[in-house]
file my_file.json (JSON, C-alpha atoms)
[["chain", "number", "residue", "atom", "x", "y", "z"],
["J", 1, "ALA", "CA", 0.00, 0.00, 0.00],
["J", 2, "VAL", "CA", 1.00, 3.59, -0.48],
["J", 3, "VAL", "CA", 0.61, 5.77, 2.59],
["J", 4, "SER", "CA", 1.19, 9.52, 2.46],
["J", 5, "THR", "CA", 1.40, 11.13, 5.88],
["J", 6, "GLN", "CA", 1.01, 14.83, 6.56],
["J", 7, "SER", "CA", 0.77, 16.86, 9.75],
["J", 8, "THR", "CA", -3.01, 16.78, 9.63],
["J", 9, "GLY", "CA", -3.63, 13.31, 8.28],
["J", 10, "ALA", "CA", -2.99, 10.63, 5.71],
["J", 11, "VAL", "CA", -4.54, 8.88, 2.78],
["J", 12, "ALA", "CA", -4.05, 5.21, 1.97],
["J", 13, "GLY", "CA", -5.44, 3.23, -0.91],
["J", 14, "LEU", "CA", -4.32, 0.45, -3.25],
["J", 15, "LYS", "CA", -6.33, -2.42, -4.66],
["J", 16, "ASP", "CA", -3.82, -4.97, -3.26],
["J", 17, "LEU", "CA", -4.16, -3.68, 0.30],
["J", 18, "VAL", "CA", -4.72, -6.58, 2.71],
["J", 19, "ASN", "CA", -4.84, -4.94, 6.15],
["J", 20, "LEU", "CA", -4.64, -1.54, 7.83],
["J", 21, "VAL", "CA", -2.49, -2.48, 10.82],
["J", 22, "PRO", "CA", 0.36, -0.12, 9.77],
["J", 23, "LEU", "CA", -2.10, 2.77, 10.07],
["J", 24, "SER", "CA", -3.47, 1.91, 13.50],
["J", 25, "GLY", "CA", -0.95, 4.06, 15.33],
["J", 26, "LEU", "CA", -1.34, 7.19, 13.18],
["J", 27, "CYS", "CA", -3.21, 9.46, 15.54],
["J", 28, "ASN", "CA", -3.12, 12.35, 13.06],
["J", 29, "LEU", "CA", -4.90, 10.34, 10.38],
["J", 30, "ARG", "CA", -7.87, 12.33, 9.12],
["J", 31, "HIS", "CA", -8.63, 11.06, 5.59],
["J", 32, "LEU", "CA", -8.69, 7.41, 4.58],
["J", 33, "ASP", "CA", -9.46, 6.09, 1.10],
["J", 34, "VAL", "CA", -9.37, 2.31, 0.66],
["J", 35, "SER", "CA", -11.96, 2.18, -2.11],
["J", 36, "ASN", "CA", -12.11, -1.06, -4.12],
["J", 37, "CYS", "CA", -9.55, -2.86, -1.97],
["J", 38, "LYS", "CA", -11.19, -6.22, -2.59],
["J", 39, "ARG", "CA", -8.82, -8.13, -0.29],
["J", 40, "LEU", "CA", -9.43, -5.90, 2.72],
["J", 41, "ASN", "CA", -11.50, -8.11, 5.06],
["J", 42, "ASP", "CA", -10.92, -6.45, 8.43],
["J", 43, "ILE", "CA", -10.77, -2.81, 9.57],
["J", 44, "THR", "CA", -11.13, -3.36, 13.31],
["J", 45, "CYS", "CA", -7.50, -2.29, 13.80],
["J", 46, "LEU", "CA", -8.75, 1.29, 13.31],
["J", 47, "MET", "CA", -10.68, 1.09, 16.59],
["J", 48, "GLU", "CA", -8.33, 3.45, 18.45],
["J", 49, "ILE", "CA", -8.34, 6.19, 15.79],
["J", 50, "ILE", "CA", -11.80, 5.88, 14.22],
["J", 51, "ASN", "CA", -13.00, 8.99, 16.06],
["J", 52, "ASN", "CA", -10.35, 11.13, 14.37],
["J", 53, "PHE", "CA", -11.50, 10.69, 10.79],
["J", 54, "HIS", "CA", -12.96, 13.55, 8.78],
["J", 55, "SER", "CA", -13.34, 11.48, 5.62],
["J", 56, "LEU", "CA", -13.81, 7.73, 5.14],
["J", 57, "LYS", "CA", -13.98, 6.20, 1.67],
["J", 58, "LEU", "CA", -14.65, 2.47, 1.96],
["J", 59, "SER", "CA", -16.34, 1.87, -1.38],
["J", 60, "GLY", "CA", -16.46, -1.75, -2.46],
["J", 61, "ILE", "CA", -14.49, -3.31, 0.40],
["J", 62, "PRO", "CA", -15.72, -6.69, 1.74],
["J", 63, "ALA", "CA", -14.84, -6.00, 5.40],
["J", 64, "SER", "CA", -17.54, -5.68, 8.03],
["J", 65, "LEU", "CA", -18.27, -2.03, 8.83],
["J", 66, "GLU", "CA", -19.71, -2.68, 12.30],
["J", 67, "ILE", "CA", -16.82, -0.75, 13.82],
["J", 68, "LEU", "CA", -18.45, 2.43, 12.53],
["J", 69, "SER", "CA", -21.41, 1.92, 14.82],
["J", 70, "VAL", "CA", -19.38, 1.58, 18.01],
["J", 71, "PHE", "CA", -18.59, 5.28, 18.45],
["J", 72, "ASP", "CA", -20.20, 8.66, 17.90],
["J", 73, "LEU", "CA", -18.31, 9.86, 14.84],
["J", 74, "TYR", "CA", -18.55, 13.58, 15.58],
["J", 75, "ASN", "CA", -15.64, 14.53, 13.34],
["J", 76, "LEU", "CA", -16.73, 12.59, 10.27],
["J", 77, "LYS", "CA", -17.77, 14.91, 7.44],
["J", 78, "GLU", "CA", -17.70, 12.48, 4.50],
["J", 79, "LEU", "CA", -18.69, 8.80, 4.31],
["J", 80, "ASP", "CA", -18.48, 6.76, 1.10],
["J", 81, "ILE", "CA", -19.70, 3.16, 1.36],
["J", 82, "GLN", "CA", -20.73, 2.72, -2.27],
["J", 83, "SER", "CA", -21.14, -0.93, -3.31],
["J", 84, "CYS", "CA", -20.68, -2.19, 0.25],
["J", 85, "TYR", "CA", -23.30, -4.87, -0.23],
["J", 86, "GLN", "CA", -22.96, -6.08, 3.38],
["J", 87, "VAL", "CA", -24.41, -2.84, 4.73],
["J", 88, "SER", "CA", -27.98, -3.27, 5.99],
["J", 89, "ASP", "CA", -30.65, -1.18, 7.69],
["J", 90, "GLY", "CA", -29.43, -2.38, 11.07],
["J", 91, "LEU", "CA", -25.93, -0.98, 10.65],
["J", 92, "LEU", "CA", -27.00, 2.25, 8.98],
["J", 93, "GLY", "CA", -29.56, 2.87, 11.71],
["J", 94, "ARG", "CA", -26.92, 2.59, 14.44],
["J", 95, "LEU", "CA", -24.48, 5.05, 12.90],
["J", 96, "LYS", "CA", -24.08, 8.32, 14.79],
["J", 97, "LEU", "CA", -22.97, 10.96, 12.29],
["J", 98, "PRO", "CA", -24.13, 14.32, 13.67],
["J", 99, "ASN", "CA", -21.81, 16.43, 11.47],
["J", 100, "LEU", "CA", -21.91, 14.43, 8.24],
["J", 101, "CYS", "CA", -21.85, 16.59, 5.10],
["J", 102, "LYS", "CA", -21.35, 14.08, 2.29],
["J", 103, "LEU", "CA", -22.93, 10.62, 2.03],
["J", 104, "ASN", "CA", -22.49, 8.07, -0.76],
["J", 105, "ILE", "CA", -24.56, 4.89, -0.39],
["J", 106, "SER", "CA", -24.83, 4.14, -4.09],
["J", 107, "SER", "CA", -25.49, 0.45, -4.85],
["J", 108, "CYS", "CA", -26.04, -0.47, -1.18],
["J", 109, "VAL", "CA", -28.97, -2.60, -2.29],
["J", 110, "ARG", "CA", -29.89, -4.03, 1.11],
["J", 111, "ILE", "CA", -30.83, -0.62, 2.51],
["J", 112, "THR", "CA", -34.53, 0.29, 2.44],
["J", 113, "ASP", "CA", -35.92, 3.68, 1.47],
["J", 114, "GLU", "CA", -37.33, 4.13, 4.99],
["J", 115, "MET", "CA", -33.89, 3.80, 6.59],
["J", 116, "ILE", "CA", -32.33, 6.14, 4.02],
["J", 117, "ARG", "CA", -34.98, 8.73, 4.86],
["J", 118, "ASN", "CA", -34.27, 8.35, 8.59],
["J", 119, "VAL", "CA", -30.54, 8.87, 8.09],
["J", 120, "ILE", "CA", -31.04, 11.88, 5.82],
["J", 121, "CYS", "CA", -33.56, 13.52, 8.13],
["J", 122, "ARG", "CA", -31.31, 13.35, 11.17],
["J", 123, "SER", "CA", -28.21, 14.62, 9.31],
["J", 124, "GLU", "CA", -28.64, 18.36, 9.71],
["J", 125, "HIS", "CA", -25.43, 19.29, 7.87],
["J", 126, "LEU", "CA", -25.82, 17.01, 4.85],
["J", 127, "VAL", "CA", -25.18, 18.84, 1.56],
["J", 128, "SER", "CA", -24.20, 16.00, -0.80],
["J", 129, "VAL", "CA", -26.08, 12.71, -1.31],
["J", 130, "ASN", "CA", -25.49, 9.88, -3.78],
["J", 131, "LEU", "CA", -28.38, 7.37, -4.01],
["J", 132, "SER", "CA", -27.53, 5.96, -7.44],
["J", 133, "TRP", "CA", -28.55, 2.41, -8.38],
["J", 134, "LEU", "CA", -31.00, 2.13, -5.49],
["J", 135, "LYS", "CA", -33.93, 0.76, -7.43],
["J", 136, "LYS", "CA", -36.22, 0.55, -4.40],
["J", 137, "VAL", "CA", -36.15, 4.31, -3.93],
["J", 138, "THR", "CA", -39.09, 5.86, -5.79],
["J", 139, "SER", "CA", -40.87, 9.20, -6.02],
["J", 140, "SER", "CA", -42.80, 8.42, -2.84],
["J", 141, "PHE", "CA", -39.50, 8.46, -0.96],
["J", 142, "PHE", "CA", -38.79, 11.99, -2.12],
["J", 143, "LYS", "CA", -42.31, 13.10, -1.32],
["J", 144, "GLU", "CA", -42.22, 11.80, 2.24],
["J", 145, "THR", "CA", -38.68, 13.08, 2.78],
["J", 146, "SER", "CA", -39.65, 16.58, 1.64],
["J", 147, "ILE", "CA", -42.44, 16.60, 4.23],
["J", 148, "THR", "CA", -40.29, 15.51, 7.18],
["J", 149, "SER", "CA", -37.00, 17.25, 6.34],
["J", 150, "ASN", "CA", -35.65, 20.45, 4.82],
["J", 151, "ILE", "CA", -32.72, 18.64, 3.21],
["J", 152, "PHE", "CA", -33.69, 19.57, -0.35],
["J", 153, "TRP", "CA", -33.64, 23.23, 0.62],
["J", 154, "ARG", "CA", -29.96, 23.07, 1.63],
["J", 155, "ILE", "CA", -28.64, 20.28, -0.62],
["J", 156, "GLU", "CA", -25.81, 21.18, -3.03],
["J", 157, "THR", "CA", -25.14, 17.87, -4.77],
["J", 158, "LEU", "CA", -27.75, 15.23, -5.62],
["J", 159, "ILE", "CA", -26.69, 12.10, -7.52],
["J", 160, "LEU", "CA", -29.62, 9.92, -8.59],
["J", 161, "CYS", "CA", -28.27, 7.85, -11.49],
["J", 162, "ASN", "CA", -30.02, 4.70, -12.72],
["J", 163, "MET", "CA", -32.92, 4.91, -10.29],
["J", 164, "ASN", "CA", -36.60, 4.09, -10.60],
["J", 165, "ILE", "CA", -37.67, 7.74, -10.56],
["J", 166, "ALA", "CA", -39.72, 9.79, -13.00],
["J", 167, "ASP", "CA", -40.75, 13.39, -13.68],
["J", 168, "GLU", "CA", -42.76, 13.46, -10.46],
["J", 169, "CYS", "CA", -39.58, 13.12, -8.42],
["J", 170, "LEU", "CA", -38.05, 16.20, -10.06],
["J", 171, "SER", "CA", -41.31, 18.06, -9.47],
["J", 172, "ILE", "CA", -41.11, 17.26, -5.75],
["J", 173, "ILE", "CA", -37.51, 18.42, -5.52],
["J", 174, "GLN", "CA", -38.31, 21.62, -7.39],
["J", 175, "SER", "CA", -41.30, 22.31, -5.14],
["J", 176, "CYS", "CA", -38.96, 22.37, -2.14],
["J", 177, "GLN", "CA", -37.29, 25.43, -3.69],
["J", 178, "PRO", "CA", -33.70, 24.23, -3.22],
["J", 179, "MET", "CA", -31.58, 27.36, -2.93],
["J", 180, "ALA", "CA", -28.14, 25.72, -3.03],
["J", 181, "LEU", "CA", -28.45, 22.88, -5.56],
["J", 182, "LYS", "CA", -25.51, 23.09, -7.96],
["J", 183, "THR", "CA", -25.02, 19.49, -9.10],
["J", 184, "LEU", "CA", -27.81, 17.19, -10.30],
["J", 185, "HIS", "CA", -27.13, 13.83, -11.98],
["J", 186, "VAL", "CA", -30.08, 11.75, -13.22],
["J", 187, "SER", "CA", -28.40, 9.72, -15.96],
["J", 188, "MET", "CA", -30.06, 6.42, -16.92],
["J", 189, "CYS", "CA", -33.31, 7.31, -15.15],
["J", 190, "LYS", "CA", -35.29, 6.08, -18.14],
["J", 191, "LYS", "CA", -38.67, 7.50, -17.11],
["J", 192, "ILE", "CA", -37.59, 11.15, -17.12],
["J", 193, "SER", "CA", -38.96, 13.18, -20.04],
["J", 194, "ASP", "CA", -39.24, 16.82, -21.12],
["J", 195, "LYS", "CA", -41.72, 17.36, -18.29],
["J", 196, "GLY", "CA", -38.93, 16.61, -15.86],
["J", 197, "LEU", "CA", -36.57, 18.98, -17.69],
["J", 198, "LEU", "CA", -39.16, 21.72, -17.24],
["J", 199, "LYS", "CA", -38.85, 21.25, -13.47],
["J", 200, "ILE", "CA", -35.05, 21.23, -13.64],
["J", 201, "ALA", "CA", -35.22, 24.48, -15.61],
["J", 202, "GLN", "CA", -36.81, 26.04, -12.51],
["J", 203, "LEU", "CA", -33.65, 25.36, -10.49],
["J", 204, "PRO", "CA", -31.53, 28.40, -11.46],
["J", 205, "THR", "CA", -28.55, 27.46, -9.28],
["J", 206, "ILE", "CA", -27.73, 24.33, -11.33],
["J", 207, "GLN", "CA", -24.16, 24.31, -12.68],
["J", 208, "ASP", "CA", -23.48, 20.61, -13.31],
["J", 209, "LEU", "CA", -26.23, 18.57, -14.99],
["J", 210, "ASP", "CA", -26.01, 14.95, -16.16],
["J", 211, "LEU", "CA", -28.87, 13.77, -18.38],
["J", 212, "SER", "CA", -27.00, 10.94, -20.10],
["J", 213, "HIS", "CA", -28.99, 8.09, -21.60],
["J", 214, "LEU", "CA", -32.40, 9.68, -21.14],
["J", 215, "CYS", "CA", -34.19, 8.51, -24.27],
["J", 216, "LYS", "CA", -37.42, 10.43, -23.61],
["J", 217, "ILE", "CA", -35.97, 13.93, -23.60],
["J", 218, "THR", "CA", -36.06, 15.98, -26.81],
["J", 219, "ASP", "CA", -34.81, 19.22, -28.36],
["J", 220, "VAL", "CA", -37.78, 21.00, -26.79],
["J", 221, "GLY", "CA", -36.70, 20.14, -23.26],
["J", 222, "LEU", "CA", -33.07, 20.98, -24.00],
["J", 223, "LYS", "CA", -34.04, 24.42, -25.30],
["J", 224, "ILE", "CA", -36.05, 25.11, -22.14],
["J", 225, "LEU", "CA", -32.97, 24.29, -20.04],
["J", 226, "ALA", "CA", -30.77, 26.52, -22.19],
["J", 227, "ASN", "CA", -33.14, 29.45, -21.75],
["J", 228, "ARG", "CA", -33.36, 29.12, -17.97],
["J", 229, "LEU", "CA", -30.10, 27.72, -16.57],
["J", 230, "TYR", "CA", -27.82, 30.74, -16.90],
["J", 231, "ARG", "CA", -25.17, 29.31, -14.56],
["J", 232, "LEU", "CA", -24.82, 25.95, -16.32],
["J", 233, "ARG", "CA", -21.15, 24.97, -16.68],
["J", 234, "ILE", "CA", -21.23, 21.22, -17.28],
["J", 235, "LEU", "CA", -23.84, 19.39, -19.38],
["J", 236, "LYS", "CA", -23.81, 15.69, -20.17],
["J", 237, "ILE", "CA", -26.29, 14.27, -22.68],
["J", 238, "THR", "CA", -24.34, 11.22, -23.84],
["J", 239, "GLY", "CA", -26.61, 8.57, -25.34],
["J", 240, "CYS", "CA", -29.64, 10.86, -25.66],
["J", 241, "ILE", "CA", -30.54, 9.52, -29.07],
["J", 242, "THR", "CA", -33.54, 11.82, -29.61],
["J", 243, "ILE", "CA", -31.48, 15.01, -29.40],
["J", 244, "THR", "CA", -30.73, 16.59, -32.80],
["J", 245, "ASP", "CA", -28.75, 19.51, -34.17],
["J", 246, "LYS", "CA", -31.63, 21.80, -33.28],
["J", 247, "GLY", "CA", -31.28, 20.98, -29.61],
["J", 248, "ILE", "CA", -27.50, 21.37, -29.65],
["J", 249, "ARG", "CA", -27.70, 24.76, -31.35],
["J", 250, "SER", "CA", -30.09, 25.97, -28.65],
["J", 251, "LEU", "CA", -27.18, 25.69, -26.23],
["J", 252, "SER", "CA", -25.46, 28.61, -27.95],
["J", 253, "ILE", "CA", -26.93, 30.96, -25.35],
["J", 254, "CYS", "CA", -25.37, 29.08, -22.41],
["J", 255, "ARG", "CA", -22.56, 31.60, -22.03],
["J", 256, "ASN", "CA", -21.01, 29.89, -18.99],
["J", 257, "LEU", "CA", -20.90, 26.39, -20.48],
["J", 258, "HIS", "CA", -17.45, 24.88, -19.87],
["J", 259, "THR", "CA", -17.92, 21.19, -20.69],
["J", 260, "LEU", "CA", -20.32, 19.43, -23.06],
["J", 261, "GLU", "CA", -20.58, 15.66, -23.43],
["J", 262, "CYS", "CA", -22.81, 14.52, -26.29],
["J", 263, "ALA", "CA", -21.22, 11.25, -27.43],
["J", 264, "GLN", "CA", -23.43, 8.52, -28.91],
["J", 265, "CYS", "CA", -26.06, 11.05, -29.97],
["J", 266, "CYS", "CA", -26.66, 9.68, -33.45],
["J", 267, "GLN", "CA", -28.70, 12.64, -34.73],
["J", 268, "ILE", "CA", -26.09, 15.30, -33.94],
["J", 269, "THR", "CA", -23.65, 16.41, -36.62],
["J", 270, "ASN", "CA", -20.18, 17.94, -36.54],
["J", 271, "GLU", "CA", -21.58, 21.15, -37.98],
["J", 272, "ALA", "CA", -23.87, 21.75, -35.01],
["J", 273, "VAL", "CA", -21.08, 21.07, -32.51],
["J", 274, "ASP", "CA", -18.76, 23.42, -34.41],
["J", 275, "THR", "CA", -21.43, 26.13, -34.30],
["J", 276, "ILE", "CA", -21.79, 26.17, -30.53],
["J", 277, "SER", "CA", -18.03, 25.82, -30.08],
["J", 278, "GLU", "CA", -17.60, 29.08, -31.97],
["J", 279, "ASN", "CA", -20.34, 30.87, -30.02],
["J", 280, "LEU", "CA", -19.37, 29.85, -26.49],
["J", 281, "PRO", "CA", -16.13, 31.52, -25.36],
["J", 282, "LYS", "CA", -15.86, 29.55, -22.10],
["J", 283, "LEU", "CA", -16.34, 26.12, -23.69],
["J", 284, "GLN", "CA", -13.12, 24.16, -23.15],
["J", 285, "SER", "CA", -14.09, 20.53, -23.58],
["J", 286, "VAL", "CA", -16.48, 18.76, -25.95],
["J", 287, "VAL", "CA", -16.96, 14.99, -26.04],
["J", 288, "PHE", "CA", -18.63, 14.12, -29.32],
["J", 289, "VAL", "CA", -18.56, 11.09, -31.59],
["J", 290, "LYS", "CA", -21.42, 8.88, -32.61],
["J", 291, "LYS", "CA", -19.85, 5.61, -31.46],
["J", 292, "LEU", "CA", -16.74, 5.87, -29.32],
["J", 293, "ALA", "CA", -16.37, 8.91, -27.06],
["J", 294, "VAL", "CA", -13.28, 11.00, -27.64],
["J", 295, "ALA", "CA", -12.49, 14.13, -25.67],
["J", 296, "ILE", "CA", -11.67, 17.21, -27.71],
["J", 297, "GLU", "CA", -9.90, 20.04, -25.93],
["J", 298, "ILE", "CA", -10.87, 23.41, -27.39]]

call {"tool": "encode", "arguments": {"input": "my_file.json", "output": "structure tokens"}}
result
Amino acid sequence: AVVSTQSTGAVAGLKDLVNLVPLSGLCNLRHLDVSNCKRLNDITCLMEIINNFHSLKLSGIPASLEILSVFDLYNLKELDIQSCYQVSDGLLGRLKLPNLCKLNISSCVRITDEMIRNVICRSEHLVSVNLSWLKKVTSSFFKETSITSNIFWRIETLILCNMNIADECLSIIQSCQPMALKTLHVSMCKKISDKGLLKIAQLPTIQDLDLSHLCKITDVGLKILANRLYRLRILKITGCITITDKGIRSLSICRNLHTLECAQCCQITNEAVDTISENLPKLQSVVFVKKLAVAIEI
């Protein structure tokens, strides 16, 4: 493993990592990233320093995470347990994370929507949530959460990729009048259509928007977004096969657009991409080919 130690902490992370014993005596350790260390089966050696962590990234490790429920993790600001399939409602319900700001539980398929709602509602400082690939979470979850919590009012980053949500979900989020939402990713949410884009267009703080592989959205919805989202910097519409040159040209008024990804959009031509590239002075990166995505630095 590679361990980099600084006065305020350390970060460790390699796929071949087997144990964390060498780290157990590092009292200044604040940030730990052991994501995708598939051979890491035990993290109990962190018992003495677990309270010190500000950031824990444990994505994809097979080790039991019960150690996290032993203490009140007052210092923890970021927790990433994506694809930790062993995590259940029982463990999540026992976690004490009073100052948590960022939570990633993407692909934790054993967790129910009720438990997710409980965790979110009691995390008063949460500003970033990733619920991607949680198929059990539906629009009813967002409706009930909006009633019992003000999280959508303060949320800055919301990642909802490949979920069983539709336009109604975006309507619920928009109705909460989120004042801080800058990043919204809903790629592969197949039920979202132009009606959903109309709700997104009413979120003027959006800067980073991922609509990749939404086959129901059209040029009409894209034009509505272009007319309303003045702060938009990053737009991803890869695999949106119904978008044409007309929709791409409508983006010419997005003066702050920095990055555009429109690969695998079979109805878009080079001419349309060239047109917006000429009209947008801040555009630095365009990903566009009809089959294999290639990044073009402008």

call {"tool": "closest_atom_pairs", "arguments": {"input": "my_file.json", "of": "stretch 52-117 of chain J", "to": "stretch 14-31 of chain J", "cutoff": "9 Å", "atoms": "only C-alpha atoms", "output": "CSV"}}
result
residue,atom,partner,partner_atom,distance
J:Asn52,CA,J:Arg30,CA,5.9
J:Phe53,CA,J:Arg30,CA,4.3
J:His54,CA,J:Arg30,CA,5.2
J:Ser55,CA,J:His31,CA,4.7
J:Leu56,CA,J:His31,CA,6.2
J:Lys57,CA,J:His31,CA,8.2
J:Leu76,CA,J:Arg30,CA,8.9

call {"tool": "residues_near_point", "arguments": {"input": "my_file.json", "point": "(-23.7, -7.4, 2.8)", "cutoff": "10 Å", "atoms": "all atoms listed in the file", "output": "PyMOL selection string"}}
result
chain J and resi 62-65+83-88+108-111

call {"tool": "closest_residue", "arguments": {"input": "my_file.json", "among": "J:Leu126, J:Ile159, J:Leu170, J:Cys240", "to": "J:Leu209", "atoms": "only C-alpha atoms"}}
result
J:Ile159

call {"tool": "axis_aligned_box", "arguments": {"input": "my_file.json", "around": "stretch 200-212 of chain J", "padding_each_side": "3 Å", "output": "lines of an AutoDock Vina configuration file"}}
result
center_x = -30.1
center_y = 19.7
center_z = -14.7
size_x = 19.3
size_y = 23.5
size_z = 16.8

call {"tool": "atom_distance", "arguments": {"input": "my_file.json", "atom1": "atom CA of J:Phe152", "atom2": "atom CA of J:Asp210"}}
result
18.2 Å

call {"tool": "residues_around", "arguments": {"input": "my_file.json", "residues": "J:Ile234", "least_positions_apart": "2", "cutoff": "9 Å", "atoms": "only C-alpha atoms", "output": "list in words"}}
result
Gln207, Asp208, Leu209, Asp210, Leu232, Lys236, Asn256, Leu257, His258, Thr259, Leu260 and Glu261 of chain J

call {"tool": "residues_around", "arguments": {"input": "my_file.json", "residues": "J:Gly93", "least_positions_apart": "3", "cutoff": "12 Å", "atoms": "all atoms listed in the file", "output": "VMD selection string"}}
result
chain J and resid 66 68 to 69 87 to 90 96 to 97 111 to 112 114 to 122

call {"tool": "residues_around", "arguments": {"input": "my_file.json", "residues": "J:Cys101", "least_positions_apart": "4", "cutoff": "7 Å", "atoms": "only C-alpha atoms", "output": "PyMOL selection string"}}
result
chain J and resi 77-78+125-128

call {"tool": "atom_distance", "arguments": {"input": "my_file.json", "atom1": "atom CA of J:Ile173", "atom2": "atom CA of J:Ala263"}}
result
28.2 Å

call {"tool": "residues_around", "arguments": {"input": "my_file.json", "residues": "stretch 275-278 of chain J", "least_positions_apart": "3", "cutoff": "7 Å", "atoms": "all atoms listed in the file", "output": "ChimeraX atom specification"}}
result
/J:249,251-252,271-272,283

call {"tool": "atom_distance", "arguments": {"input": "my_file.json", "atom1": "atom CA of J:Val220", "atom2": "atom CA of J:Ile243"}}
result
9.1 Å

call {"tool": "closest_residue", "arguments": {"input": "my_file.json", "among": "J:Leu229, J:Lys246, J:Ser212, J:Trp133", "to": "J:Cys262", "atoms": "all atoms listed in the file"}}
result
J:Ser212

call {"tool": "residues_around", "arguments": {"input": "my_file.json", "residues": "J:Pro178", "least_positions_apart": "4", "cutoff": "12 Å", "atoms": "only C-alpha atoms", "output": "mmCIF file with C-alpha atoms, in the frame of the given file"}}
result
data_model
loop_
_atom_site.group_PDB
_atom_site.id
_atom_site.type_symbol
_atom_site.label_atom_id
_atom_site.label_comp_id
_atom_site.auth_asym_id
_atom_site.auth_seq_id
_atom_site.Cartn_x
_atom_site.Cartn_y
_atom_site.Cartn_z
ATOM 1 C CA VAL J 127 -25.180 18.840 1.560
ATOM 2 C CA SER J 146 -39.650 16.580 1.640
ATOM 3 C CA ASN J 150 -35.650 20.450 4.820
ATOM 4 C CA ILE J 151 -32.720 18.640 3.210
ATOM 5 C CA PHE J 152 -33.690 19.570 -0.350
ATOM 6 C CA TRP J 153 -33.640 23.230 0.620
ATOM 7 C CA ARG J 154 -29.960 23.070 1.630
ATOM 8 C CA ILE J 155 -28.640 20.280 -0.620
ATOM 9 C CA GLU J 156 -25.810 21.180 -3.030
ATOM 10 C CA THR J 157 -25.140 17.870 -4.770
ATOM 11 C CA LEU J 158 -27.750 15.230 -5.620
ATOM 12 C CA LEU J 170 -38.050 16.200 -10.060
ATOM 13 C CA SER J 171 -41.310 18.060 -9.470
ATOM 14 C CA ILE J 172 -41.110 17.260 -5.750
ATOM 15 C CA ILE J 173 -37.510 18.420 -5.520
ATOM 16 C CA GLN J 174 -38.310 21.620 -7.390
ATOM 17 C CA LYS J 182 -25.510 23.090 -7.960
ATOM 18 C CA THR J 183 -25.020 19.490 -9.100
ATOM 19 C CA LEU J 184 -27.810 17.190 -10.300
ATOM 20 C CA LYS J 199 -38.850 21.250 -13.470
ATOM 21 C CA ILE J 200 -35.050 21.230 -13.640
ATOM 22 C CA GLN J 202 -36.810 26.040 -12.510
ATOM 23 C CA LEU J 203 -33.650 25.360 -10.490
ATOM 24 C CA PRO J 204 -31.530 28.400 -11.460
ATOM 25 C CA THR J 205 -28.550 27.460 -9.280
ATOM 26 C CA ILE J 206 -27.730 24.330 -11.330
#

call {"tool": "closest_residue", "arguments": {"input": "my_file.json", "among": "J:Tyr230, J:Ile61, J:Gly239, J:Arg255", "to": "J:Asp42", "atoms": "all atoms listed in the file"}}
result
J:Ile61

call {"tool": "closest_residue", "arguments": {"input": "my_file.json", "among": "J:Leu181, J:Ile224, J:Val186, J:Met47", "to": "J:Phe71", "atoms": "only C-alpha atoms"}}
result
J:Met47

call {"tool": "closest_residue", "arguments": {"input": "my_file.json", "among": "J:Cys266, J:Leu214, J:Cys169, J:Met163", "to": "J:Phe141", "atoms": "all atoms listed in the file"}}
result
J:Cys169

call {"tool": "build_atoms", "arguments": {"input": "my_file.json", "residues": "stretch 247-254 of chain J", "atoms": "N, CA, C and O atoms", "output": "compact mmCIF listing (two decimals), keeping the file's coordinate frame"}}
result
# COMPACT_ATOMS: atom_id res chain seq x y z
N GLY J 247 -31.46 20.91 -31.06
CA GLY J 247 -31.28 20.98 -29.61
C GLY J 247 -29.89 21.46 -29.24
O GLY J 247 -29.73 22.28 -28.32
N ILE J 248 -28.88 20.96 -29.94
CA ILE J 248 -27.50 21.37 -29.65
C ILE J 248 -27.30 22.86 -29.92
O ILE J 248 -26.68 23.58 -29.14
N ARG J 249 -27.86 23.34 -31.02
CA ARG J 249 -27.70 24.76 -31.35
C ARG J 249 -28.38 25.67 -30.33
O ARG J 249 -27.96 26.81 -30.13
N SER J 250 -29.41 25.15 -29.67
CA SER J 250 -30.09 25.97 -28.65
C SER J 250 -29.19 26.26 -27.47
O SER J 250 -29.44 27.18 -26.70
N LEU J 251 -28.11 25.48 -27.34
CA LEU J 251 -27.18 25.69 -26.23
C LEU J 251 -26.25 26.87 -26.46
O LEU J 251 -25.46 27.23 -25.58
N SER J 252 -26.34 27.49 -27.61
CA SER J 252 -25.46 28.61 -27.95
C SER J 252 -25.62 29.80 -27.02
O SER J 252 -24.76 30.68 -26.97
N ILE J 253 -26.72 29.84 -26.27
CA ILE J 253 -26.93 30.96 -25.35
C ILE J 253 -26.44 30.66 -23.94
O ILE J 253 -26.53 31.51 -23.05
N CYS J 254 -25.90 29.45 -23.74
CA CYS J 254 -25.37 29.08 -22.41
C CYS J 254 -23.95 29.62 -22.29
O CYS J 254 -22.97 28.91 -22.47
